[in-house]
file query_34.csv (CSV, C-alpha atoms)
chain,number,residue,atom,x,y,z
A,1251,MET,CA,-197.5,145.4,-107.2
A,1252,THR,CA,-198.7,146.5,-103.8
A,1253,GLY,CA,-200.7,149.7,-103.2
A,1254,ALA,CA,-201.6,150.4,-106.8
A,1255,VAL,CA,-205.1,150.2,-108.4
A,1256,THR,CA,-204.7,149.1,-112.0
A,1257,SER,CA,-208.2,147.9,-112.9
A,1258,PRO,CA,-210.8,150.5,-114.0
A,1259,ASP,CA,-213.5,148.1,-112.6
A,1260,LEU,CA,-212.4,148.7,-109.0
A,1261,ALA,CA,-214.5,151.2,-107.0
A,1262,ALA,CA,-213.0,154.6,-106.1
A,1263,PRO,CA,-211.2,154.6,-102.7
A,1264,ALA,CA,-213.2,155.5,-99.7
A,1265,ARG,CA,-213.1,159.2,-98.8
A,1266,HIS,CA,-211.5,160.3,-95.6
A,1267,PRO,CA,-213.8,162.2,-93.2
A,1268,GLY,CA,-213.5,165.9,-93.6
A,1269,THR,CA,-212.2,165.9,-97.2
A,1270,THR,CA,-213.8,168.0,-99.8
A,1271,THR,CA,-214.3,166.9,-103.5
A,1272,HIS,CA,-214.9,169.0,-106.6
A,1273,ASP,CA,-218.5,167.9,-106.6
A,1274,ASP,CA,-218.9,169.2,-103.0
A,1275,ILE,CA,-217.6,172.6,-104.0
A,1276,VAL,CA,-219.8,172.8,-107.0
A,1277,HIS,CA,-222.8,171.9,-104.9
A,1278,ALA,CA,-221.9,174.4,-102.2
A,1279,MET,CA,-221.6,177.2,-104.8
A,1280,ASP,CA,-225.0,176.5,-106.2
A,1281,PRO,CA,-226.8,179.9,-106.1
A,1282,ASP,CA,-230.1,178.2,-105.3
A,1283,LYS,CA,-228.6,176.9,-102.0
A,1284,ARG,CA,-227.7,180.4,-100.7
A,1285,ASP,CA,-229.8,182.3,-98.1
A,1286,ALA,CA,-229.0,185.7,-99.6
A,1287,GLU,CA,-228.1,187.0,-103.0
A,1288,ARG,CA,-224.4,187.7,-103.6
A,1289,VAL,CA,-223.6,190.8,-105.5
A,1290,PRO,CA,-220.5,190.9,-107.8
A,1291,ILE,CA,-218.1,193.7,-107.0
A,1292,LEU,CA,-217.0,195.7,-110.0
A,1293,GLY,CA,-213.6,197.0,-109.0
A,1294,GLU,CA,-211.9,196.3,-105.7
A,1295,LEU,CA,-213.3,195.7,-102.2
A,1296,GLN,CA,-210.6,195.5,-99.5
A,1297,GLY,CA,-210.7,193.5,-96.3
A,1298,GLU,CA,-208.4,192.0,-93.7
A,1299,VAL,CA,-208.0,188.5,-92.3
A,1300,MET,CA,-207.6,188.5,-88.5
A,1301,MET,CA,-205.4,185.6,-87.3
A,1302,PHE,CA,-204.3,184.7,-83.9
A,1303,GLU,CA,-200.5,184.0,-83.8
A,1304,PRO,CA,-198.6,182.9,-80.7
A,1305,MET,CA,-196.9,185.5,-78.5
A,1306,LEU,CA,-195.2,185.6,-75.2
A,1307,ILE,CA,-196.2,188.1,-72.6
A,1308,LYS,CA,-193.0,189.3,-70.9
A,1309,GLU,CA,-194.6,191.9,-68.6
A,1310,ILE,CA,-198.2,193.0,-68.0
A,1311,SER,CA,-199.9,195.9,-66.2
A,1312,ARG,CA,-203.4,197.2,-66.0
A,1313,GLY,CA,-202.6,199.5,-68.9
A,1314,GLY,CA,-200.5,197.4,-71.2
A,1315,ALA,CA,-198.0,194.7,-71.8
A,1316,THR,CA,-194.6,193.9,-73.3
A,1317,LEU,CA,-194.9,191.2,-75.9
A,1318,GLU,CA,-192.5,189.0,-77.9
A,1319,THR,CA,-193.5,187.6,-81.3
A,1320,ARG,CA,-191.8,186.1,-84.3
A,1321,PHE,CA,-193.3,188.8,-86.5
A,1322,PRO,CA,-193.2,192.6,-86.3
A,1323,LEU,CA,-196.2,194.7,-85.5
A,1324,HIS,CA,-196.4,198.2,-87.0
A,1325,LEU,CA,-196.2,201.3,-84.7
A,1326,ASN,CA,-199.6,202.7,-83.7
A,1327,SER,CA,-201.4,199.7,-85.2
A,1328,LEU,CA,-204.3,198.2,-83.3
A,1329,HIS,CA,-204.6,194.5,-82.6
A,1330,ASP,CA,-207.0,192.2,-80.8
A,1331,LEU,CA,-204.9,190.2,-78.3
A,1332,ARG,CA,-206.1,187.0,-76.6
A,1333,LEU,CA,-204.5,186.8,-73.1
A,1334,THR,CA,-204.7,183.7,-71.0
A,1335,LEU,CA,-204.8,184.9,-67.4
A,1336,GLY,CA,-204.6,181.9,-65.2
A,1337,ASP,CA,-207.8,179.9,-65.8
A,1338,ARG,CA,-209.6,182.6,-67.9
A,1339,SER,CA,-209.0,184.0,-71.3
A,1340,VAL,CA,-209.8,187.6,-72.4
A,1341,VAL,CA,-209.5,189.5,-75.6
A,1342,VAL,CA,-208.1,193.1,-75.4
A,1343,LYS,CA,-207.5,195.7,-78.0
A,1344,GLY,CA,-203.9,196.9,-78.0
A,1345,ARG,CA,-202.0,199.8,-79.7
A,1346,VAL,CA,-198.3,199.2,-80.5
A,1347,ILE,CA,-196.3,202.0,-78.9
A,1348,HIS,CA,-192.8,200.7,-79.5
A,1349,SER,CA,-191.2,197.8,-81.3
A,1350,ARG,CA,-187.7,196.5,-81.8
A,1351,ILE,CA,-185.8,193.3,-82.7
A,1352,SER,CA,-184.9,191.6,-79.5
A,1353,ASP,CA,-183.0,188.5,-80.7
A,1354,VAL,CA,-181.7,186.9,-83.8
A,1355,ASP,CA,-180.9,183.2,-83.6
A,1356,GLN,CA,-180.0,181.5,-87.0
A,1357,ASP,CA,-183.2,182.0,-89.0
A,1358,ILE,CA,-185.4,183.1,-86.2
A,1359,VAL,CA,-186.0,186.8,-85.4
A,1360,THR,CA,-187.8,187.7,-82.2
A,1361,TYR,CA,-189.5,191.1,-81.9
A,1362,ARG,CA,-190.3,192.8,-78.6
A,1363,MET,CA,-193.0,195.5,-78.5
A,1364,GLY,CA,-194.9,197.5,-76.0
A,1365,VAL,CA,-198.6,197.5,-76.3
A,1366,GLU,CA,-201.0,199.9,-74.6
A,1367,PHE,CA,-204.5,198.5,-73.9
A,1368,VAL,CA,-207.3,200.6,-75.3
A,1369,GLU,CA,-211.1,200.5,-74.8
A,1370,LEU,CA,-211.0,198.0,-72.0
A,1371,SER,CA,-214.3,196.9,-70.7
A,1372,GLU,CA,-214.9,196.8,-67.0
A,1373,ARG,CA,-215.0,193.0,-67.0
A,1374,VAL,CA,-211.7,192.7,-68.8
A,1375,SER,CA,-210.1,195.4,-66.7
A,1376,ALA,CA,-211.2,193.5,-63.6
A,1377,ALA,CA,-209.9,190.2,-64.9
A,1378,ILE,CA,-206.5,191.7,-65.5
A,1379,ALA,CA,-206.4,193.4,-62.1
A,1380,GLU,CA,-207.4,190.1,-60.4
A,1381,PHE,CA,-204.8,188.2,-62.3
A,1382,LEU,CA,-202.1,190.7,-61.3
A,1383,ASP,CA,-203.2,190.6,-57.6
A,1384,THR,CA,-203.0,186.8,-57.7
A,1385,VAL,CA,-199.5,186.8,-59.3
A,1386,LYS,CA,-198.2,189.4,-56.7
A,1387,THR,CA,-199.8,187.4,-53.8
A,1388,ASN,CA,-198.3,184.1,-55.0
A,1389,ARG,CA,-194.8,185.7,-55.3
A,1390,SER,CA,-194.9,187.2,-51.8
A,1391,GLY,CA,-196.0,184.0,-50.2
A,1392,VAL,CA,-198.9,185.6,-48.5
call {"tool": "encode", "arguments": {"input": "query_34.csv", "output": "structure tokens"}}
result
Amino acid sequence: MTGAVTSPDLAAPARHPGTTTHDDIVHAMDPDKRDAERVPILGELQGEVMMFEPMLIKEISRGGATLETRFPLHLNSLHDLRLTLGDRSVVVKGRVIHSRISDVDQDIVTYRMGVEFVELSERVSAAIAEFLDTVKTNRSGV
């Protein structure tokens, strides 16, 4: 029989780097190891998980962008968007101003939405403007 451990006298298999055991979790949850006291919540405390999902930027201006995603975004909702502008990456806050289904292909639905940039810092605004100028210059061959 290959690949099976049948003898209780054999040592446990070596752990793979990055794996977590039950003992690791119990040790990490030890209240004596925490820097600050955790207070139990009686009732409900809401929160949100922010996740970066892939998107395509179909058009961009200094004030907003047209995006394509595989998931819908709600009208008037605010989102942090990471934009890769050439060799730099910036995060902007965007408000969804319109949204629609743009394509359905078998099991894949593609959504297209317009996003207005809000609360742009001068640094981010300058990075977007510089990127747009570079794109326009490269297209005109100047």
call {"tool": "closest_residue", "arguments": {"input": "query_34.csv", "among": "A:Asp1383, A:Ser1371, A:His1329, A:Val1359", "to": "A:Val1299", "atoms": "only C-alpha atoms"}}
result
A:His1329
call {"tool": "atom_distance", "arguments": {"input": "query_34.csv", "atom1": "atom CA of A:Ser1375", "atom2": "atom CA of A:His1348"}}
result
22.2 Å
call {"tool": "closest_residue", "arguments": {"input": "query_34.csv", "among": "A:Leu1335, A:Met1301, A:Val1342, A:Ala1286", "to": "A:Ala1379", "atoms": "only C-alpha atoms"}}
result
A:Leu1335
call {"tool": "atom_distance", "arguments": {"input": "query_34.csv", "atom1": "atom CA of A:Val1365", "atom2": "atom CA of A:Ser1339"}}
result
17.8 Å
call {"tool": "residues_around", "arguments": {"input": "query_34.csv", "residues": "A:His1324", "least_positions_apart": "6", "cutoff": "12 Å", "atoms": "all atoms listed in the file", "output": "PyMOL selection string"}}
result
chain A and resi 1344-1350+1361-1365
call {"tool": "atom_distance", "arguments": {"input": "query_34.csv", "atom1": "atom CA of A:Met1305", "atom2": "atom CA of A:Glu1372"}}
result
24.2 Å
call {"tool": "closest_residue", "arguments": {"input": "query_34.csv", "among": "A:Leu1323, A:Ile1310, A:Leu1317, A:Val1340", "to": "A:Val1385", "atoms": "only C-alpha atoms"}}
result
A:Ile1310
call {"tool": "closest_residue", "arguments": {"input": "query_34.csv", "among": "A:Val1374, A:Arg1389, A:Gly1293, A:Val1354", "to": "A:Arg1312", "atoms": "all atoms listed in the file"}}
result
A:Val1374
call {"tool": "axis_aligned_box", "arguments": {"input": "query_34.csv", "around": "stretch 1297-1305 of chain A", "padding_each_side": "8 Å", "output": "lines of an AutoDock Vina configuration file"}}
result
center_x = -203.8
center_y = 188.2
center_z = -87.4
size_x = 29.8
size_y = 26.6
size_z = 33.8
